[in-house]
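Engineer: Just dropping this structure here.
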Amino acid sequence: RGRASVELEPHRRPAPRRPPSAAFSWQSCRSRYEFAGYHKRKPAHKPSPYLVAKLRSHEALQMRCGPGTAPYEKALRQLKSGDVAAAADDDDDGCRYVISIGYDRGLGNRIIAIASAFLYAVLTERALLVAPYNGDVAALFCEPFPGTTWLLPDGGRRFPLRRLRDLDGKSKESLGALLKSNAIVSGAAGVNGSTSSSWSSGAPPPYVYLHLDGGADYHDKLFYCDEQQRLLRGVPWLLMKTDSYLVPGLFLVPSLRGELERMFPEKDAVFHHLSRYLLHPANAVWHAITAYHREHLAGAGRLVGIQIRVYHEETPPVSQVVLDQVLSCARREKLLPFPTAGTTTNTSSSDQAVLVTSLSSWYYEKIRDELVGGAVGGGVHQPSHEGLQRMGDTAHDMRALSEMYLLSTCDALLTTGFSTFGYVAQGLAGERPWLMPRRPVWDKEPATEVPEPPCARVASPEPCFHSPSYYDCAARRNYEDIGKAVPYIRRCEDVSWGIQLV
Ligand code: GDP
């Protein structure tokens, strides 16, 4: 293997005295070397040799094309002048970019968005840059690629395109708008019904905005067609805005599928590998994670994590129904050691501990009360109770990130359906959680009844993709059942209109 390399499984080696590459040092990003050690009891998912090779060559691409390099400066000039044709001549250095635009979404959404943009970047051989939301990425994560940065310089303030965050479904630069306008001309229909579209100006535009968030429409979602992928290939800059886990959608693009299947023989571990490779909590966050773990969780023989996500319209007041659902799930699935009637267990003889995460402390207190006299010698713990979800508050995001990582160290996980916060925790762990179904976010009426069953162990730890395209581009009509398009993609258990890798 080559020079500067990121180790995927650093726990297999003793703590390095010398950094594995000149670009990384243990001191600069401790989590890169230490996190895997928190999952020793679990069988590790191994990345395929092909995935490892792809990552190594992607690192080289990031270094060759990243900010500060001559190709990057050239691409910026091209963006300013808009002259793609001139730059696409013989001195083409092969540097093209995808920018993941951070915006006002919760941290779980932002994480699955960055992971999606990263995989798209690897697949299409583009350098990934992140335009952070209020400086969050630099405060939360270490640089993932050796010898370069993934941060758009100056937080994007001096980037030729201003106000990236304001791009939305109405922007004329979006793929959807370009398809609706006459910027793209459809060619004649060829064999198997496919057409060959082209840019009406003769050359691709210098940039295209990919509007792939929950509000994307039919035209925006033609992104998931081979035809559009071919058109996008020549565009130097792609600006991607999403709050979703696009990866199952990428598997449905025929021209990307073969490569994806080779990279990920285990389809239920895609987010696991992406997140373990790309996301390493920055030292300040890692310090908080390890200090909390050492003080409260490390001694426990078995650790149960409970993630309770109640949307802010409902807090306060807190929801008795949600609490009943948690307790009913835990009883039914024997996840927690409740005291048995008439007997009290000698708590010091048990080494179970429970980690509760929620915006409110009420659920934690109630669960702790229910477990008094039960075998929870390791205690019941809640690291924070933030009250309300806040946007653009780095300290608040750091606590959220710590809790996702702490949850991922648990031996069993009970998570709330529909929540990307829980998806990140279960994906990092590579563990199938017991998932509690919940009402959609936009359903403002609080639940009045505990669903039956209150929870179920899901088929895969993969996040659910909440806003897939139902259009089968090759067949030129909607899928009869998108959950049957390929054997390893199903409809999600928690979101009936979403799809998930299993
Ligand atoms: P989702 O809305 O459930 O899909 O998850 P997101 O992570 O995208 O957004 C929820 C945000 O609310 C988080 O990023 C946190 O800022 C906050 N939040 C929600 N639940 C918790 C929790 O249990 N602990 C902490 N610390 N923050 C939470």
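So you can find residues: chains in the structure tokens are A, B, ... in the order shown, residues in each start at 1, and ligands are numbered from 1 in order.
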Segment 355-401 of chain A: which residues are strand (DSSP E or B) by DSSP, as a PyMOL selection string?

Structural biologist: chain A and resi 355-357+379-381

Engineer: Find the nearest atom pair between each residue of chain A and ligand 1 for residues within 9 Å, count only C-alpha atoms and all ligand atoms, give distances in Å to one decimal, sort rows by chain and ascending number, and present the table as CSV.

Structural biologist:
residue,atom,partner,partner_atom_place_in_ligand_line,distance
A:Arg105,CA,ligand 1,8 (O),5.9
A:Gly106,CA,ligand 1,8 (O),3.2
A:Leu107,CA,ligand 1,14 (O),3.7
A:Gly108,CA,ligand 1,7 (O),3.4
A:Asn109,CA,ligand 1,8 (O),4.0
A:Arg110,CA,ligand 1,8 (O),6.6
A:Ile111,CA,ligand 1,8 (O),8.1
A:Ile112,CA,ligand 1,8 (O),8.9
A:Asp243,CA,ligand 1,8 (O),8.2
A:Gln307,CA,ligand 1,23 (O),6.1
A:Ile308,CA,ligand 1,23 (O),6.3
A:Arg309,CA,ligand 1,20 (N),5.4
A:Val310,CA,ligand 1,20 (N),7.6
A:Tyr311,CA,ligand 1,2 (O),7.5
A:His312,CA,ligand 1,12 (O),8.8
A:Val356,CA,ligand 1,23 (O),7.7
A:Thr357,CA,ligand 1,23 (O),3.9
A:Ser358,CA,ligand 1,23 (O),3.2
A:Leu359,CA,ligand 1,22 (C),4.8
A:Ser360,CA,ligand 1,23 (O),7.8
A:Gln382,CA,ligand 1,23 (O),8.8
A:Pro383,CA,ligand 1,26 (N),7.7
A:Ser384,CA,ligand 1,26 (N),5.8
A:His385,CA,ligand 1,24 (N),6.4
A:Glu386,CA,ligand 1,26 (N),6.0
A:Gly387,CA,ligand 1,27 (N),8.5
A:Leu388,CA,ligand 1,17 (C),7.1
A:Gln389,CA,ligand 1,12 (O),4.1
A:Arg390,CA,ligand 1,16 (O),5.8
A:Met391,CA,ligand 1,16 (O),7.1
A:Asp393,CA,ligand 1,16 (O),8.4
A:His396,CA,ligand 1,16 (O),6.0
A:Asp397,CA,ligand 1,16 (O),5.2
A:Met398,CA,ligand 1,26 (N),7.8
A:Arg399,CA,ligand 1,26 (N),4.8
A:Ala400,CA,ligand 1,26 (N),3.6
A:Leu401,CA,ligand 1,26 (N),7.3
A:Ser402,CA,ligand 1,26 (N),7.6
A:Glu403,CA,ligand 1,26 (N),6.1
A:Met404,CA,ligand 1,24 (N),8.0
A:Thr416,CA,ligand 1,3 (O),8.0
A:Gly417,CA,ligand 1,3 (O),8.4
A:Phe418,CA,ligand 1,4 (O),6.4
A:Ser419,CA,ligand 1,3 (O),3.5
A:Thr420,CA,ligand 1,4 (O),3.6
A:Phe421,CA,ligand 1,5 (O),4.0
A:Gly422,CA,ligand 1,3 (O),6.9
A:Tyr423,CA,ligand 1,4 (O),8.1
A:Val424,CA,ligand 1,7 (O),8.4
A:Val441,CA,ligand 1,2 (O),8.3

Engineer: Which one is closest to Ala121 of chain A: A:Leu238, A:Val185, A:Ser25, A:Gly68? Count only C-alpha atoms.

Structural biologist: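 Ranking A:Leu238, A:Val185, A:Ser25, A:Gly68 by distance to Ala121 of chain A, first place goes to A:Leu238.
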
Engineer: I need the residues in segment 121-338 of chain A that are helix (DSSP H, G or I) according to DSSP; give them as a short mmCIF file (atom, residue, chain, number, x, y, z; two decimals) with N, CA and C atoms, in the first residue's frame.

Structural biologist:
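The file below, out_15.cif, is the result:
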data_model
loop_
_atom_site.label_atom_id
_atom_site.label_comp_id
_atom_site.auth_asym_id
_atom_site.auth_seq_id
_atom_site.Cartn_x
_atom_site.Cartn_y
_atom_site.Cartn_z
N ALA A 121 -18.77 11.27 -4.60
CA ALA A 121 -17.47 11.80 -5.04
C ALA A 121 -16.52 10.65 -5.42
N VAL A 122 -16.48 9.62 -4.58
CA VAL A 122 -15.60 8.48 -4.87
C VAL A 122 -16.02 7.82 -6.18
N LEU A 123 -17.33 7.60 -6.33
CA LEU A 123 -17.85 6.90 -7.51
C LEU A 123 -17.58 7.67 -8.79
N THR A 124 -17.66 9.00 -8.72
CA THR A 124 -17.56 9.80 -9.94
C THR A 124 -16.19 10.47 -10.05
N ASP A 136 -19.33 24.31 11.59
CA ASP A 136 -19.50 23.09 12.38
C ASP A 136 -18.52 21.98 12.05
N VAL A 137 -18.27 21.76 10.77
CA VAL A 137 -17.50 20.57 10.39
C VAL A 137 -16.09 20.61 11.00
N ALA A 138 -15.44 21.78 10.95
CA ALA A 138 -14.08 21.88 11.49
C ALA A 138 -14.08 21.65 13.01
N ALA A 139 -15.14 22.10 13.71
CA ALA A 139 -15.18 21.92 15.16
C ALA A 139 -15.51 20.49 15.55
N LEU A 140 -16.22 19.79 14.67
CA LEU A 140 -16.73 18.46 15.04
C LEU A 140 -15.82 17.32 14.59
N PRO A 153 -12.30 26.59 1.36
CA PRO A 153 -11.51 27.63 2.02
C PRO A 153 -12.36 28.83 2.48
N ASP A 154 -11.98 29.40 3.62
CA ASP A 154 -12.65 30.58 4.20
C ASP A 154 -14.14 30.35 4.45
N GLY A 155 -14.53 29.12 4.68
CA GLY A 155 -15.96 28.84 4.90
C GLY A 155 -16.78 29.20 3.67
N GLY A 156 -16.14 29.30 2.51
CA GLY A 156 -16.85 29.61 1.26
C GLY A 156 -17.01 31.11 1.02
N LEU A 164 -24.14 29.89 -1.15
CA LEU A 164 -24.45 28.53 -1.58
C LEU A 164 -25.69 27.99 -0.86
N ARG A 165 -25.80 28.40 0.41
CA ARG A 165 -26.89 27.86 1.21
C ARG A 165 -28.27 28.30 0.71
N ASP A 166 -28.30 29.42 -0.04
CA ASP A 166 -29.60 29.91 -0.54
C ASP A 166 -30.09 29.15 -1.77
N LEU A 175 -30.27 21.06 -11.52
CA LEU A 175 -30.43 20.08 -12.59
C LEU A 175 -31.89 20.02 -13.02
N GLY A 176 -32.79 20.06 -12.04
CA GLY A 176 -34.22 20.00 -12.36
C GLY A 176 -34.63 21.16 -13.26
N ALA A 177 -34.18 22.39 -12.91
CA ALA A 177 -34.55 23.57 -13.70
C ALA A 177 -33.93 23.49 -15.09
N LEU A 178 -32.69 23.02 -15.17
CA LEU A 178 -32.02 22.90 -16.47
C LEU A 178 -32.75 21.91 -17.37
N LEU A 179 -33.24 20.84 -16.76
CA LEU A 179 -33.98 19.84 -17.54
C LEU A 179 -35.31 20.39 -18.03
N LYS A 180 -35.90 21.27 -17.20
CA LYS A 180 -37.20 21.85 -17.59
C LYS A 180 -37.01 22.94 -18.64
N VAL A 191 -31.62 2.41 -28.97
CA VAL A 191 -32.04 1.07 -28.55
C VAL A 191 -32.45 1.10 -27.09
N ASN A 192 -33.21 0.14 -26.66
CA ASN A 192 -33.88 0.03 -25.36
C ASN A 192 -34.45 1.35 -24.83
N GLY A 193 -34.95 2.15 -25.72
CA GLY A 193 -35.71 3.34 -25.34
C GLY A 193 -34.89 4.49 -24.80
N ASP A 220 -35.70 17.12 -10.42
CA ASP A 220 -34.47 17.07 -9.59
C ASP A 220 -34.01 15.62 -9.44
N LYS A 221 -34.99 14.73 -9.29
CA LYS A 221 -34.65 13.33 -9.02
C LYS A 221 -34.25 12.55 -10.28
N LEU A 222 -34.31 13.20 -11.43
CA LEU A 222 -33.77 12.53 -12.62
C LEU A 222 -32.25 12.40 -12.50
N PHE A 223 -31.70 13.04 -11.46
CA PHE A 223 -30.30 12.81 -11.06
C PHE A 223 -29.99 11.30 -10.98
N TYR A 224 -30.99 10.50 -10.58
CA TYR A 224 -30.75 9.06 -10.39
C TYR A 224 -30.86 8.27 -11.70
N ASP A 226 -29.14 7.21 -15.52
CA ASP A 226 -27.86 7.11 -16.24
C ASP A 226 -27.66 8.30 -17.18
N GLU A 227 -28.73 8.66 -17.86
CA GLU A 227 -28.66 9.73 -18.86
C GLU A 227 -28.15 11.04 -18.22
N GLN A 228 -28.70 11.37 -17.07
CA GLN A 228 -28.29 12.61 -16.39
C GLN A 228 -26.88 12.46 -15.80
N GLN A 229 -26.58 11.28 -15.33
CA GLN A 229 -25.23 11.05 -14.80
C GLN A 229 -24.19 11.27 -15.90
N ARG A 230 -24.53 10.84 -17.09
CA ARG A 230 -23.60 11.02 -18.21
C ARG A 230 -23.42 12.51 -18.51
N LEU A 231 -24.52 13.25 -18.48
CA LEU A 231 -24.45 14.70 -18.74
C LEU A 231 -23.61 15.42 -17.67
N LEU A 232 -23.80 14.96 -16.42
CA LEU A 232 -23.11 15.64 -15.31
C LEU A 232 -21.60 15.39 -15.33
N VAL A 247 -27.63 7.02 -0.53
CA VAL A 247 -26.89 5.85 -1.00
C VAL A 247 -27.77 4.77 -1.64
N PRO A 248 -28.93 4.39 -1.03
CA PRO A 248 -29.75 3.39 -1.72
C PRO A 248 -30.17 3.87 -3.10
N GLY A 249 -30.39 5.18 -3.26
CA GLY A 249 -30.74 5.75 -4.57
C GLY A 249 -29.59 5.59 -5.55
N LEU A 250 -28.35 5.71 -5.10
CA LEU A 250 -27.20 5.54 -5.99
C LEU A 250 -27.11 4.09 -6.48
N PHE A 251 -27.46 3.15 -5.60
CA PHE A 251 -27.46 1.73 -6.01
C PHE A 251 -28.50 1.48 -7.10
N PRO A 254 -28.21 2.35 -12.73
CA PRO A 254 -27.52 1.18 -13.31
C PRO A 254 -26.03 1.41 -13.56
N SER A 255 -25.64 2.60 -14.02
CA SER A 255 -24.22 2.80 -14.35
C SER A 255 -23.34 2.89 -13.10
N LEU A 256 -23.92 3.08 -11.93
CA LEU A 256 -23.11 3.13 -10.70
C LEU A 256 -23.16 1.80 -9.94
N ARG A 257 -24.17 0.98 -10.27
CA ARG A 257 -24.44 -0.18 -9.42
C ARG A 257 -23.29 -1.18 -9.37
N GLY A 258 -22.70 -1.47 -10.54
CA GLY A 258 -21.66 -2.51 -10.59
C GLY A 258 -20.50 -2.15 -9.68
N GLU A 259 -20.08 -0.90 -9.75
CA GLU A 259 -18.97 -0.42 -8.92
C GLU A 259 -19.34 -0.49 -7.43
N LEU A 260 -20.55 -0.08 -7.12
CA LEU A 260 -21.00 -0.11 -5.72
C LEU A 260 -21.05 -1.54 -5.19
N GLU A 261 -21.53 -2.45 -6.02
CA GLU A 261 -21.62 -3.84 -5.56
C GLU A 261 -20.23 -4.43 -5.30
N ARG A 262 -19.27 -4.01 -6.10
CA ARG A 262 -17.89 -4.48 -5.88
C ARG A 262 -17.29 -3.88 -4.62
N MET A 263 -17.60 -2.60 -4.42
CA MET A 263 -17.04 -1.93 -3.24
C MET A 263 -17.64 -2.47 -1.94
N LYS A 267 -24.05 -5.41 1.82
CA LYS A 267 -24.86 -4.22 1.53
C LYS A 267 -25.37 -3.54 2.81
N ASP A 268 -25.40 -4.28 3.91
CA ASP A 268 -25.94 -3.65 5.12
C ASP A 268 -24.85 -2.95 5.94
N ALA A 269 -23.66 -2.80 5.36
CA ALA A 269 -22.59 -2.15 6.12
C ALA A 269 -22.01 -0.96 5.35
N VAL A 270 -22.78 -0.39 4.44
CA VAL A 270 -22.25 0.70 3.62
C VAL A 270 -22.03 1.95 4.48
N PHE A 271 -23.07 2.37 5.20
CA PHE A 271 -22.88 3.56 6.04
C PHE A 271 -21.82 3.30 7.11
N HIS A 272 -21.81 2.08 7.62
CA HIS A 272 -20.82 1.71 8.63
C HIS A 272 -19.40 1.99 8.11
N HIS A 273 -19.09 1.50 6.93
CA HIS A 273 -17.74 1.72 6.38
C HIS A 273 -17.51 3.19 6.04
N LEU A 274 -18.52 3.83 5.45
CA LEU A 274 -18.33 5.24 5.08
C LEU A 274 -18.08 6.09 6.33
N SER A 275 -18.88 5.88 7.35
CA SER A 275 -18.75 6.73 8.55
C SER A 275 -17.47 6.42 9.31
N ARG A 276 -17.10 5.13 9.37
CA ARG A 276 -15.87 4.78 10.10
C ARG A 276 -14.63 5.29 9.37
N TYR A 277 -14.74 5.42 8.06
CA TYR A 277 -13.60 5.94 7.31
C TYR A 277 -13.54 7.47 7.39
N LEU A 278 -14.70 8.11 7.21
CA LEU A 278 -14.71 9.55 6.94
C LEU A 278 -14.81 10.39 8.21
N ASN A 283 -10.60 16.28 18.51
CA ASN A 283 -10.09 15.96 19.85
C ASN A 283 -10.99 16.44 20.99
N ALA A 284 -11.54 17.65 20.88
CA ALA A 284 -12.36 18.18 21.99
C ALA A 284 -13.60 17.30 22.18
N VAL A 285 -14.22 16.86 21.08
CA VAL A 285 -15.41 16.00 21.18
C VAL A 285 -14.98 14.62 21.69
N TRP A 286 -13.88 14.14 21.15
CA TRP A 286 -13.40 12.81 21.55
C TRP A 286 -13.05 12.79 23.03
N HIS A 287 -12.51 13.87 23.53
CA HIS A 287 -12.19 13.95 24.96
C HIS A 287 -13.48 13.80 25.77
N ALA A 288 -14.53 14.51 25.33
CA ALA A 288 -15.81 14.43 26.05
C ALA A 288 -16.37 13.00 26.00
N ILE A 289 -16.26 12.35 24.85
CA ILE A 289 -16.78 10.98 24.70
C ILE A 289 -16.03 10.02 25.62
N THR A 290 -14.72 10.08 25.57
CA THR A 290 -13.93 9.10 26.33
C THR A 290 -14.03 9.36 27.83
N ALA A 291 -14.09 10.65 28.21
CA ALA A 291 -14.19 10.95 29.65
C ALA A 291 -15.52 10.43 30.18
N TYR A 292 -16.60 10.64 29.43
CA TYR A 292 -17.92 10.18 29.89
C TYR A 292 -17.95 8.64 29.94
N HIS A 293 -17.40 8.04 28.92
CA HIS A 293 -17.39 6.58 28.85
C HIS A 293 -16.63 6.00 30.04
N ARG A 294 -15.46 6.57 30.29
CA ARG A 294 -14.61 6.06 31.39
C ARG A 294 -15.34 6.18 32.73
N GLU A 295 -15.97 7.33 32.93
CA GLU A 295 -16.57 7.60 34.23
C GLU A 295 -17.86 6.80 34.47
N HIS A 296 -18.68 6.60 33.41
CA HIS A 296 -20.02 6.04 33.63
C HIS A 296 -20.27 4.68 33.00
N LEU A 297 -19.58 4.36 31.92
CA LEU A 297 -20.00 3.19 31.15
C LEU A 297 -18.95 2.07 31.09
N HIS A 312 -39.87 18.75 18.74
CA HIS A 312 -40.02 19.82 19.72
C HIS A 312 -41.44 20.32 19.90
N GLU A 313 -42.31 20.10 18.92
CA GLU A 313 -43.70 20.49 19.13
C GLU A 313 -44.27 19.76 20.36
N GLU A 314 -43.67 18.62 20.66
CA GLU A 314 -44.22 17.79 21.74
C GLU A 314 -43.48 17.97 23.06
N GLN A 320 -46.24 10.69 27.61
CA GLN A 320 -46.39 9.44 28.37
C GLN A 320 -46.46 8.26 27.40
N VAL A 321 -47.07 8.50 26.23
CA VAL A 321 -47.21 7.40 25.26
C VAL A 321 -45.83 6.94 24.77
N VAL A 322 -44.94 7.91 24.53
CA VAL A 322 -43.60 7.53 24.08
C VAL A 322 -42.88 6.74 25.18
N LEU A 323 -43.02 7.20 26.43
CA LEU A 323 -42.40 6.46 27.53
C LEU A 323 -42.96 5.04 27.60
N ASP A 324 -44.28 4.93 27.49
CA ASP A 324 -44.91 3.60 27.55
C ASP A 324 -44.40 2.71 26.41
N GLN A 325 -44.17 3.33 25.27
CA GLN A 325 -43.67 2.55 24.12
C GLN A 325 -42.27 2.02 24.41
N VAL A 326 -41.41 2.86 24.99
CA VAL A 326 -40.05 2.44 25.33
C VAL A 326 -40.10 1.29 26.33
N LEU A 327 -40.90 1.47 27.39
CA LEU A 327 -40.95 0.45 28.45
C LEU A 327 -41.56 -0.84 27.91
N SER A 328 -42.59 -0.71 27.10
CA SER A 328 -43.24 -1.89 26.57
C SER A 328 -42.29 -2.66 25.64
N CYS A 329 -41.54 -1.92 24.83
CA CYS A 329 -40.55 -2.56 23.95
C CYS A 329 -39.49 -3.27 24.78
N ALA A 330 -38.97 -2.56 25.78
CA ALA A 330 -37.88 -3.13 26.59
C ALA A 330 -38.34 -4.38 27.34
N ARG A 331 -39.61 -4.37 27.80
CA ARG A 331 -40.13 -5.54 28.52
C ARG A 331 -40.28 -6.72 27.57
N ARG A 332 -40.95 -6.44 26.47
CA ARG A 332 -41.25 -7.49 25.50
C ARG A 332 -39.99 -8.14 24.94
#

Engineer: Could you check which of A:Arg77, A:His211, A:His45, A:His280 is closest to Arg30 of chain A, using only C-alpha atoms?

Structural biologist: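 Under the stated criterion, the closest residue is A:His280.
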
Engineer: Quick one: of A:Glu431, A:Glu266, A:Glu59, A:Asp213, who's nearest to Lys241 of chain A, counting only C-alpha atoms?

Structural biologist: A:Asp213

Engineer: Quick check, in Å to one decimal: how far apart do atom CA of Ser100 of chain A and atom CA of Ala395 of chain A lie?

Structural biologist: 22.0 Å

Engineer: Can you work out the spacing between atom CA of Tyr133 of chain A and atom CA of Ser244 of chain A in Å, to one decimal?

Structural biologist: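 Interatomic distance here is 15.9 Å.
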
Engineer: Calculated over only C-alpha atoms, which of the candidates A:Thr448, A:Cys225, A:Ser496, A:Leu428 has the smallest distance to Ile482 of chain A?

Structural biologist: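 Smallest separation from Ile482 of chain A among the options: A:Ser496.
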
Engineer: Segment 141-257 of chain A near segment 70-75 of chain A within 10 Å: what's each residue's closest atom pair and its distance in Å to one decimal, counting only C-alpha atoms, ordered by chain then ascending residue number, as a tab-separated table?

Structural biologist:
residue	atom	partner	partner_atom	distance
A:Pro206	CA	A:Ala75	CA	9.1
A:Pro236	CA	A:Ala75	CA	7.4
A:Trp237	CA	A:Ala75	CA	8.4

Engineer: Quick one: everything within 8 Å of Ala412 of chain A, counting only C-alpha atoms, minus sequence neighbours fewer than 2 positions away in the same chain. Send it as a PyMOL selection string.

Structural biologist: chain A and resi 303-305+335+410+414+431+433

Engineer: Compare A:Glu173, A:Ala131, A:Lys46, A:Pro146 by their minimum atom-to-atom distance to Arg158 of chain A, counting only C-alpha atoms, and give me the closest one.

Structural biologist: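 Checking each of A:Glu173, A:Ala131, A:Lys46, A:Pro146 against Arg158 of chain A, counting only C-alpha atoms, the winner is A:Ala131.
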